[in-house]
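What follows is the content of model28.txt (compact mmCIF, C-alpha atoms and all ligand atoms).
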```txt
# COMPACT_ATOMS: atom_id res chain seq x y z
CA MET K 78 -30.68 -3.29 -9.65
CA SER K 79 -30.07 -6.82 -8.54
CA GLN K 80 -31.94 -9.83 -7.21
CA ALA K 81 -34.92 -9.61 -4.89
CA THR K 82 -33.73 -9.17 -1.31
CA ALA K 83 -35.14 -8.22 2.06
CA LEU K 84 -34.00 -4.70 1.19
CA GLN K 85 -36.29 -4.53 -1.84
CA PRO K 86 -38.99 -2.51 0.01
CA LEU K 87 -36.41 0.09 1.09
CA LEU K 88 -35.03 0.37 -2.44
CA ALA K 89 -38.53 0.66 -3.83
CA ALA K 90 -39.42 3.34 -1.28
CA GLY K 91 -36.41 5.38 -2.41
CA LYS K 92 -37.37 4.98 -6.06
CA ARG K 93 -40.96 6.08 -5.37
CA MET K 94 -39.76 9.41 -3.97
CA GLU K 95 -37.13 10.02 -6.67
CA SER K 96 -38.85 12.97 -8.33
CA GLU K 97 -39.38 14.70 -4.97
CA LEU K 98 -35.76 14.12 -4.00
CA VAL K 99 -34.58 15.55 -7.32
CA GLU K 100 -36.79 18.60 -6.89
CA PHE K 101 -35.58 19.22 -3.33
CA ARG K 102 -31.93 18.81 -4.29
CA ARG K 103 -32.27 21.20 -7.22
CA ASP K 104 -33.77 23.81 -4.93
CA LEU K 105 -30.81 23.49 -2.53
CA HIS K 106 -28.48 23.60 -5.52
CA ARG K 107 -29.99 26.87 -6.79
CA TYR K 108 -29.59 28.56 -3.42
CA PRO K 109 -26.29 27.37 -1.94
CA GLU K 110 -25.02 28.76 1.36
CA LEU K 111 -21.46 28.95 2.66
CA SER K 112 -20.22 27.27 5.84
CA MET K 113 -21.88 28.58 9.03
CA GLN K 114 -24.40 30.51 6.89
CA GLU K 115 -26.74 27.60 6.05
CA SER K 116 -29.83 29.18 7.65
CA GLU K 117 -32.18 28.83 4.65
CA THR K 118 -31.00 25.29 3.92
CA ALA K 119 -31.53 24.32 7.56
CA ALA K 120 -35.00 25.90 7.54
CA LYS K 121 -35.97 23.83 4.48
CA VAL K 122 -34.66 20.65 6.14
CA ALA K 123 -36.46 21.46 9.39
CA GLU K 124 -39.72 22.05 7.54
CA GLN K 125 -39.48 18.65 5.83
CA LEU K 126 -38.61 16.83 9.05
CA ARG K 127 -41.49 18.45 10.94
CA ALA K 128 -43.87 17.51 8.15
CA MET K 129 -42.77 13.89 8.56
CA GLY K 130 -43.60 14.08 12.26
CA PHE K 131 -40.13 14.57 13.76
CA GLU K 132 -39.41 16.64 16.82
CA ILE K 133 -36.11 18.31 16.08
CA LYS K 134 -33.33 20.33 17.67
CA THR K 135 -32.15 23.21 15.49
CA GLY K 136 -29.14 25.51 15.74
CA VAL K 137 -26.86 22.69 16.88
CA GLY K 138 -23.25 23.65 16.11
CA GLY K 139 -24.16 26.54 13.84
CA HIS K 140 -27.22 25.69 11.74
CA GLY K 141 -27.07 21.94 12.43
CA ILE K 142 -30.18 19.87 13.07
CA VAL K 143 -30.58 16.74 15.22
CA ALA K 144 -33.67 14.57 14.77
CA ASP K 145 -34.32 11.31 16.62
CA LEU K 146 -36.58 8.54 15.38
CA ALA K 147 -37.44 6.28 18.33
CA GLY K 148 -38.62 2.87 17.21
CA ALA K 149 -41.34 0.70 18.70
CA LYS K 150 -38.91 -0.96 21.14
CA PRO K 151 -35.80 0.24 22.94
CA GLY K 152 -32.34 -0.63 21.62
CA LYS K 153 -29.17 0.92 20.25
CA THR K 154 -28.84 4.37 18.73
CA ILE K 155 -27.49 4.56 15.20
CA ALA K 156 -26.55 7.99 13.81
CA LEU K 157 -26.62 8.97 10.14
CA ARG K 158 -24.98 12.22 9.09
CA ALA K 159 -25.15 14.60 6.11
CA ASP K 160 -23.41 17.93 5.55
CA MET K 161 -25.22 21.02 4.20
CA ASP K 162 -22.69 23.69 3.20
CA ALA K 163 -21.49 24.95 -0.20
CA LEU K 164 -18.18 26.40 -1.45
CA PRO K 165 -16.94 29.84 -2.56
CA ILE K 166 -16.77 28.80 -6.24
CA GLU K 167 -18.43 30.39 -9.30
CA GLU K 168 -20.54 27.64 -10.87
CA GLU K 169 -19.84 26.68 -14.50
CA SER K 170 -21.82 23.43 -14.66
CA GLY K 171 -24.34 24.76 -17.19
CA GLU K 172 -27.15 22.95 -15.36
CA PRO K 173 -30.59 24.59 -15.71
CA PHE K 174 -30.76 24.67 -11.91
CA ALA K 175 -27.26 26.15 -11.45
CA SER K 176 -26.52 28.43 -8.51
CA GLN K 177 -28.40 31.72 -8.42
CA ARG K 178 -25.82 33.09 -5.99
CA PRO K 179 -22.70 34.55 -7.59
CA GLY K 180 -19.52 32.96 -6.28
CA VAL K 181 -21.25 30.26 -4.24
CA MET K 182 -21.77 26.71 -5.46
CA HIS K 183 -22.64 23.25 -4.21
CA ALA K 184 -19.47 21.92 -5.82
CA CYS K 185 -19.05 19.06 -3.36
CA GLY K 186 -22.59 17.72 -3.60
CA HIS K 187 -23.60 18.42 -0.01
CA ASP K 188 -27.00 19.37 -1.44
CA ALA K 189 -27.28 15.73 -2.55
CA HIS K 190 -26.13 14.42 0.85
CA THR K 191 -28.74 16.52 2.66
CA THR K 192 -31.43 15.31 0.27
CA MET K 193 -30.45 11.66 0.68
CA LEU K 194 -30.55 11.87 4.46
CA LEU K 195 -34.02 13.43 4.32
CA GLY K 196 -35.06 10.58 2.03
CA ALA K 197 -33.65 8.07 4.52
CA ALA K 198 -35.58 9.76 7.33
CA ARG K 199 -38.78 9.40 5.37
CA ILE K 200 -38.14 5.75 4.51
CA LEU K 201 -37.30 4.91 8.12
CA MET K 202 -40.30 6.82 9.48
CA GLU K 203 -42.45 4.41 7.42
CA GLN K 204 -40.58 1.49 9.07
CA LYS K 205 -40.95 2.86 12.60
CA GLU K 206 -42.86 -0.16 13.97
CA GLN K 207 -40.01 -2.49 12.98
CA ILE K 208 -37.24 -0.47 14.62
CA GLN K 209 -35.77 -1.60 17.93
CA GLY K 210 -33.79 1.39 19.07
CA THR K 211 -33.28 4.89 17.73
CA VAL K 212 -32.04 6.42 14.52
CA ARG K 213 -30.46 9.84 14.98
CA PHE K 214 -30.24 12.09 11.92
CA LEU K 215 -27.45 14.68 11.97
CA PHE K 216 -27.65 17.52 9.45
CA GLN K 217 -24.33 19.30 9.86
CA SER K 218 -23.09 22.82 9.14
CA ALA K 219 -19.66 23.86 8.01
CA GLU K 220 -17.95 20.67 6.87
CA GLU K 221 -15.89 22.57 4.31
CA ILE K 222 -14.13 24.61 6.98
CA ASN K 223 -13.72 21.60 9.30
CA ARG K 224 -15.83 23.20 11.96
CA GLY K 225 -19.33 21.74 12.02
CA ALA K 226 -18.62 18.23 13.32
CA ARG K 227 -16.55 19.57 16.21
CA LEU K 228 -19.29 21.99 17.21
CA MET K 229 -22.04 19.37 16.95
CA ILE K 230 -20.07 16.97 19.14
CA GLU K 231 -19.47 19.74 21.69
CA GLU K 232 -23.21 20.33 21.79
CA GLY K 233 -23.96 16.69 22.52
CA ALA K 234 -25.02 15.41 19.10
CA LEU K 235 -23.26 12.09 19.74
CA ASP K 236 -24.53 11.58 23.29
CA GLY K 237 -25.98 8.07 23.53
CA VAL K 238 -24.92 7.15 19.97
CA ASP K 239 -23.55 3.61 19.54
CA GLU K 240 -22.45 3.76 15.92
CA ILE K 241 -22.41 6.33 13.09
CA PHE K 242 -22.54 6.13 9.30
CA GLY K 243 -22.13 8.67 6.53
CA LEU K 244 -21.43 8.83 2.82
CA HIS K 245 -19.92 11.17 0.26
CA ASN K 246 -20.86 11.21 -3.40
CA LEU K 247 -18.06 10.66 -5.91
CA PRO K 248 -18.51 11.87 -9.50
CA THR K 249 -15.58 9.79 -10.76
CA LEU K 250 -17.43 6.62 -9.68
CA ALA K 251 -20.48 5.58 -11.73
CA ALA K 252 -23.91 6.06 -10.15
CA GLY K 253 -25.16 2.70 -8.91
CA LYS K 254 -21.76 1.80 -7.43
CA VAL K 255 -20.33 2.12 -3.93
CA ALA K 256 -16.70 2.15 -2.74
CA THR K 257 -15.69 1.07 0.76
CA ARG K 258 -12.40 0.66 2.57
CA TYR K 259 -11.23 -0.83 5.85
CA GLY K 260 -9.17 1.36 8.16
CA SER K 261 -7.96 4.77 6.93
CA LEU K 262 -10.01 6.24 4.07
CA MET K 263 -9.15 9.94 4.11
CA GLY K 264 -6.26 12.05 5.39
CA SER K 265 -5.78 14.28 8.39
CA VAL K 266 -5.92 18.04 7.84
CA ASP K 267 -3.53 20.40 9.61
CA ARG K 268 -2.90 24.07 8.91
CA PHE K 269 0.24 26.05 9.54
CA GLU K 270 1.11 29.69 9.34
CA ILE K 271 4.68 30.99 9.45
CA LEU K 272 5.49 34.63 10.02
CA LEU K 273 9.12 35.60 9.33
CA THR K 274 10.61 38.83 10.58
CA GLY K 275 13.88 40.13 9.15
CA LYS K 276 15.07 43.68 8.73
CA GLY K 277 13.85 45.69 5.78
CA GLY K 278 16.07 47.91 3.72
CA HIS K 279 17.31 48.98 0.31
CA GLY K 280 17.29 46.27 -2.34
CA ALA K 281 20.79 47.28 -3.39
CA ILE K 282 22.31 47.07 0.11
CA PRO K 283 21.51 43.55 1.36
CA ASP K 284 24.34 43.53 3.90
CA GLN K 285 22.49 46.15 5.93
CA SER K 286 19.24 44.14 5.87
CA ILE K 287 18.05 40.72 6.96
CA ASP K 288 16.13 39.34 4.00
CA PRO K 289 13.00 37.34 4.93
CA VAL K 290 12.30 36.53 1.26
CA VAL K 291 15.42 34.39 0.97
CA ALA K 292 14.65 32.74 4.31
CA ALA K 293 11.05 32.07 3.21
CA SER K 294 12.27 30.49 -0.04
CA ALA K 295 14.63 28.21 1.88
CA ILE K 296 11.82 27.24 4.26
CA VAL K 297 9.42 26.34 1.41
CA THR K 298 11.92 23.87 -0.02
CA GLY K 299 13.27 22.82 3.39
CA LEU K 300 9.83 21.81 4.62
CA GLN K 301 9.68 19.15 1.92
CA THR K 302 12.58 17.36 3.60
CA ALA K 303 10.24 16.58 6.49
CA VAL K 304 8.58 14.23 3.99
CA SER K 305 11.60 13.00 2.01
CA ARG K 306 14.17 12.61 4.82
CA GLU K 307 12.26 12.17 8.09
CA ILE K 308 9.22 10.00 7.36
CA SER K 309 9.03 6.44 6.10
CA PRO K 310 8.37 6.31 2.33
CA PHE K 311 5.55 3.90 3.22
CA ASP K 312 3.71 6.63 5.14
CA PRO K 313 2.06 9.13 2.76
CA VAL K 314 2.42 12.79 3.76
CA VAL K 315 1.73 15.99 1.82
CA VAL K 316 3.22 19.37 2.73
CA THR K 317 1.76 22.20 0.65
CA VAL K 318 2.52 25.89 1.01
CA GLY K 319 -0.60 27.45 -0.52
CA SER K 320 0.18 31.11 0.05
CA LEU K 321 3.42 33.04 0.27
CA GLN K 322 3.46 36.79 0.77
CA ALA K 323 6.31 39.26 0.99
CA GLY K 324 7.18 42.74 -0.19
CA ASP K 325 5.58 45.17 -2.61
CA THR K 326 8.20 46.34 -5.06
CA TYR K 327 11.41 45.51 -6.90
CA ASN K 328 14.01 47.49 -5.03
CA VAL K 329 13.06 47.02 -1.39
CA ILE K 330 13.93 44.15 0.94
CA PRO K 331 10.75 43.73 2.98
CA HIS K 332 10.70 43.52 6.74
CA ARG K 333 8.40 40.50 6.86
CA ALA K 334 7.30 37.45 4.91
CA SER K 335 4.49 35.06 5.68
CA MET K 336 3.24 31.73 4.43
CA VAL K 337 0.22 29.50 5.01
CA GLY K 338 0.02 25.85 4.20
CA THR K 339 -1.49 22.47 4.92
CA ILE K 340 -0.17 19.09 6.03
CA ARG K 341 -1.99 15.84 5.18
CA THR K 342 -1.14 12.44 6.63
CA PHE K 343 -2.70 9.01 6.47
CA ALA K 344 -1.87 7.62 9.91
CA PRO K 345 -2.63 9.14 13.32
CA HIS K 346 0.90 8.39 14.64
CA VAL K 347 2.38 10.36 11.72
CA GLN K 348 0.04 13.31 12.18
CA ALA K 349 1.13 13.46 15.82
CA THR K 350 4.75 14.17 14.79
CA MET K 351 4.16 16.90 12.20
CA LYS K 352 3.79 19.93 14.44
CA GLU K 353 7.24 19.38 15.96
CA ARG K 354 8.86 18.80 12.55
CA ILE K 355 7.39 21.87 10.85
CA THR K 356 8.09 24.12 13.82
CA ARG K 357 11.70 22.89 14.12
CA ILE K 358 12.54 23.06 10.40
CA ALA K 359 10.99 26.49 9.90
CA GLY K 360 12.49 27.85 13.10
CA GLN K 361 16.01 26.62 12.52
CA ILE K 362 16.17 27.56 8.85
CA ALA K 363 14.95 31.03 9.80
CA GLU K 364 17.68 31.22 12.42
CA ALA K 365 20.33 30.22 9.87
CA TYR K 366 19.19 33.22 7.82
CA ARG K 367 19.11 35.50 10.93
CA CYS K 368 15.30 35.82 10.78
CA LYS K 369 12.77 35.22 13.51
CA ALA K 370 10.02 32.69 12.76
CA GLU K 371 6.69 32.47 14.55
CA VAL K 372 4.89 29.24 13.71
CA GLU K 373 1.22 28.67 14.39
CA TYR K 374 0.17 25.04 13.87
CA THR K 375 -3.40 23.75 14.10
CA GLU K 376 -4.54 20.15 13.89
CA MET K 377 -7.95 20.60 12.24
CA THR K 378 -9.21 17.06 11.66
CA PRO K 379 -7.78 13.60 12.31
CA VAL K 380 -7.28 10.80 9.81
CA LEU K 381 -10.66 9.28 8.90
CA VAL K 382 -10.56 5.71 10.21
CA SER K 383 -13.63 3.50 9.94
CA ALA K 384 -14.23 0.64 12.39
CA ASP K 385 -13.82 -2.84 10.88
CA ASP K 386 -17.14 -4.16 12.14
CA SER K 387 -18.99 -1.10 10.76
CA VAL K 388 -17.27 -1.43 7.36
CA ALA K 389 -18.26 -5.11 7.24
CA HIS K 390 -21.86 -4.12 8.00
CA VAL K 391 -21.90 -1.50 5.21
CA GLU K 392 -20.36 -3.95 2.74
CA ARG K 393 -22.92 -6.65 3.55
CA THR K 394 -25.79 -4.19 3.25
CA VAL K 395 -24.52 -2.66 0.01
CA GLU K 396 -23.93 -6.06 -1.59
CA GLU K 397 -27.38 -7.21 -0.59
CA ALA K 398 -28.88 -4.05 -2.07
CA ILE K 399 -26.94 -3.61 -5.33
CA GLY K 400 -24.94 -6.81 -5.75
CA ALA K 401 -21.27 -7.54 -5.02
CA ASP K 402 -20.28 -6.51 -8.57
CA ASN K 403 -21.28 -2.94 -7.82
CA ARG K 404 -19.14 -2.55 -4.71
CA ILE K 405 -15.45 -1.80 -5.15
CA GLU K 406 -12.58 -1.12 -2.80
CA ALA K 407 -12.06 2.63 -2.38
CA ALA K 408 -8.70 4.17 -3.21
CA PRO K 409 -7.20 6.14 -0.31
CA THR K 410 -7.14 9.94 -0.54
CA LEU K 411 -5.42 12.66 1.47
CA ALA K 412 -8.41 14.95 1.09
CA GLY K 413 -9.98 15.50 4.51
CA GLU K 414 -13.49 15.17 5.94
CA ASP K 415 -14.59 16.21 9.39
CA PHE K 416 -16.66 13.01 9.73
CA SER K 417 -13.34 11.73 11.12
CA LEU K 418 -14.10 13.58 14.36
CA TYR K 419 -17.26 11.55 14.94
CA LEU K 420 -15.25 8.37 14.30
CA GLN K 421 -12.83 9.36 17.06
CA LYS K 422 -15.76 9.25 19.50
CA VAL K 423 -17.86 6.31 18.30
CA PRO K 424 -17.26 3.46 15.85
CA GLY K 425 -18.69 3.81 12.39
CA CYS K 426 -18.06 3.83 8.67
CA PHE K 427 -17.80 6.47 5.95
CA PHE K 428 -18.08 5.38 2.33
CA TRP K 429 -18.27 6.68 -1.25
CA LEU K 430 -21.45 6.60 -3.31
CA GLY K 431 -21.02 6.82 -7.09
CA SER K 432 -22.57 9.97 -8.60
CA GLY K 433 -20.95 9.90 -12.05
CA PRO K 434 -22.26 8.80 -15.44
CA ARG K 435 -22.66 5.07 -16.09
CA GLU K 436 -20.08 5.35 -18.91
CA GLY K 437 -16.78 7.22 -18.58
CA ALA K 438 -17.23 8.34 -14.96
CA GLU K 439 -13.46 8.50 -14.53
CA ARG K 440 -13.41 11.51 -16.88
CA SER K 441 -15.94 13.48 -14.80
CA TYR K 442 -15.07 16.80 -13.19
CA GLY K 443 -14.09 16.13 -9.59
CA LEU K 444 -15.33 17.45 -6.27
CA HIS K 445 -14.78 21.23 -5.83
CA HIS K 446 -14.54 21.80 -9.62
CA PRO K 447 -16.66 24.67 -11.06
CA LYS K 448 -18.09 22.18 -13.59
CA PHE K 449 -18.84 19.53 -10.94
CA ARG K 450 -22.20 17.80 -11.51
CA ILE K 451 -23.90 14.60 -10.41
CA GLU K 452 -26.20 11.97 -11.86
CA GLU K 453 -29.34 12.40 -9.78
CA GLU K 454 -30.15 8.69 -9.89
CA CYS K 455 -27.73 8.45 -6.95
CA LEU K 456 -30.26 10.29 -4.75
CA PRO K 457 -32.82 7.49 -4.20
CA LEU K 458 -30.08 4.87 -3.93
CA GLY K 459 -28.21 6.91 -1.30
CA ALA K 460 -31.42 7.43 0.68
CA SER K 461 -32.28 3.72 0.56
CA LEU K 462 -28.76 2.60 1.48
CA LEU K 463 -28.55 4.91 4.49
CA ALA K 464 -31.97 3.68 5.63
CA ALA K 465 -30.97 0.04 5.14
CA ILE K 466 -27.65 0.47 6.98
CA ALA K 467 -29.44 1.89 10.03
CA LEU K 468 -32.41 -0.46 9.91
CA LYS K 469 -30.32 -3.63 9.67
CA ARG K 470 -28.58 -2.62 12.91
CA LEU K 471 -31.94 -2.12 14.67
CA VAL K 472 -34.12 -5.14 13.90
NI NI G 1 -17.68 17.26 0.63
```
Would you encode the structure as structure tokens?
Amino acid sequence: MSQATALQPLLAAGKRMESELVEFRRDLHRYPELSMQESETAAKVAEQLRAMGFEIKTGVGGHGIVADLAGAKPGKTIALRADMDALPIEEESGEPFASQRPGVMHACGHDAHTTMLLGAARILMEQKEQIQGTVRFLFQSAEEINRGARLMIEEGALDGVDEIFGLHNLPTLAAGKVATRYGSLMGSVDRFEILLTGKGGHGAIPDQSIDPVVAASAIVTGLQTAVSREISPFDPVVVTVGSLQAGDTYNVIPHRASMVGTIRTFAPHVQATMKERITRIAGQIAEAYRCKAEVEYTEMTPVLVSADDSVAHVERTVEEAIGADNRIEAAPTLAGEDFSLYLQKVPGCFFWLGSGPREGAERSYGLHHPKFRIEEECLPLGASLLAAIALKRLV
């Protein structure tokens, strides 16, 4: 790590607790819990927070936890957020502390995020006398199903918050590095479901049937024209049909067909147009094929857009902590993150923390891969950076 800075004590505090952070993270990793089922994880977090002297609110938006650290003097409230849930994936990492629960795995590193935020809470508790204002720690349920942030906001987790920060580990970026980006960082997430009704019949007598399979096939390809013919090539959009179901056998035209898919965009004004496009294209293609289409369209999370002033603050803090050479500009991605919902309510910044090997990180298995793993040296750095980002806003 770099030159001596005013952040040195915070970095040193993170380093001192490294072995405890590693132990805590490995325990979460062994016993992962799916979205909205994080009761044991939340109990472990609550126990740690209480031991540090926090008064906490539990059961916020599922198993979420809200803990406030009021400093010596009044001032702004800065929120820091971590997510706690795991994924329905069978772990193949080969780690000695791999998941003990068949089919469930911390394949997105939320175990690491939870651990880092606890570390930050401990570091900041030690700095309590310096703090002018409040740090609010948000431990969130159900990020993977885009549900937890919405529920926490509904239950008042952001009330009184002036600014919010969060991070996500990234195994394809070397540990010790951070990636930031002004404006849009991650895509919006929408979900659509199309149910087609035709008229079933004998596979050899199509003229007496209305075939929803042919209509569904035309819709799958037709939907892509929403991207290629209706939206500017300078606005990224993804339309993916992830599931297509129809019929059971070779000689029967089924009565119904159904498909489920997702739409990703990178600009709020583009996301706002997608429901109309998908509904119109699916509906009118279905009509051309004499089928009836019912379209259900849900906007799950908005584009993740950080506030310029908050990004500048993170960049200054990161560069002071680890040196400008270790901060890079993040590439955009159309993967989604429900942190975007907090950013719709209050300004803030979301950034990437490297969790990959120092050499060859770009070849690492990515987020949500059964062989996903992290370099645990990112734990103390993440804890110290979160603490520094909050503290520098409150002194
Ligand atoms: Ni994640």
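For the residues K:Gln217, K:Thr339, K:Ser176, K:Ser309, ranking by smallest atom-to-atom distance to Phe269 of chain K using all atoms listed in the file places K:Thr339 first.
For the choices K:Asp188, K:Glu221, K:Glu124, K:Glu392, the atom-to-atom distance to ligand NI 1 (chain G) is smallest for K:Glu221 when using only C-alpha atoms and all ligand atoms.
Near ligand NI 1 (chain G), at distances of 10 Å or less and with all atoms listed in the file counted, sit the residues Ala159, Asp160, Met161, Asp162, Ala163, Leu164, His183, Ala184, Cys185, Gly186, His187, Asp188, His190, Glu220, Glu221, Leu244, His245, Asn246, Leu247, Ala412, Gly413, Glu414, Asp415, Leu444 and His445 of chain K.
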Could you make a table, as CSV, of the residues of segment 383-465 of chain K that have an atom within 12 Å of an atom of segment 344-356 of chain K, each with its nearest atom pair and distance in Å to one decimal, counting all atoms listed in the file, in chain and number order?
```
residue,atom,partner,partner_atom,distance
K:Pro409,CA,K:Ala344,CA,11.6
K:Thr410,CA,K:Ala344,CA,11.9
K:Leu411,CA,K:Ala344,CA,10.5
K:Ser417,CA,K:Pro345,CA,11.2
K:Gln421,CA,K:Pro345,CA,10.9
```
For the residues selected in the previous step, produce a file with C-alpha atoms as a PDB file, in the frame of the given file.
```
ATOM      1  CA  PRO K 409      -7.200   6.140  -0.310  1.00  0.00           C
ATOM      2  CA  THR K 410      -7.140   9.940  -0.540  1.00  0.00           C
ATOM      3  CA  LEU K 411      -5.420  12.660   1.470  1.00  0.00           C
ATOM      4  CA  SER K 417     -13.340  11.730  11.120  1.00  0.00           C
ATOM      5  CA  GLN K 421     -12.830   9.360  17.060  1.00  0.00           C
TER       6      GLN K 421
END
```
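Environment of (5.5, 42.0, -1.7): residues at most 12 Å away, judged by all atoms listed in the file, are Gly277, Pro289, Val290, Leu321, Gln322, Ala323, Gly324, Asp325, Thr326, Tyr327, Asn328, Val329, Ile330, Pro331, His332, Arg333, Ala334 and Ser335 of chain K.
Minimum atom-to-atom distances from K:Gly299, K:Ile282, K:Val266, K:Thr154 to Phe343 of chain K were compared using only C-alpha atoms, and the lowest value belongs to K:Val266.
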Closest of K:Leu272, K:Val212, K:Leu250, K:Cys455 to Val99 of chain K, counting all atoms listed in the file, is K:Cys455
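Within 6 Å of the point (-26.0, 14.4, 16.4), counting all atoms listed in the file, the protein and nucleic acid residues come to Val143, Leu215, Ala234 and Leu235 of chain K.
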Would you mind listing what lies within 9 Å of Cys368 of chain K as an MDAnalysis selection string, with only C-alpha atoms counted and same-chain residues fewer than 4 positions away left out? chainID K and resid 273:276 287:289 292 360 362:364
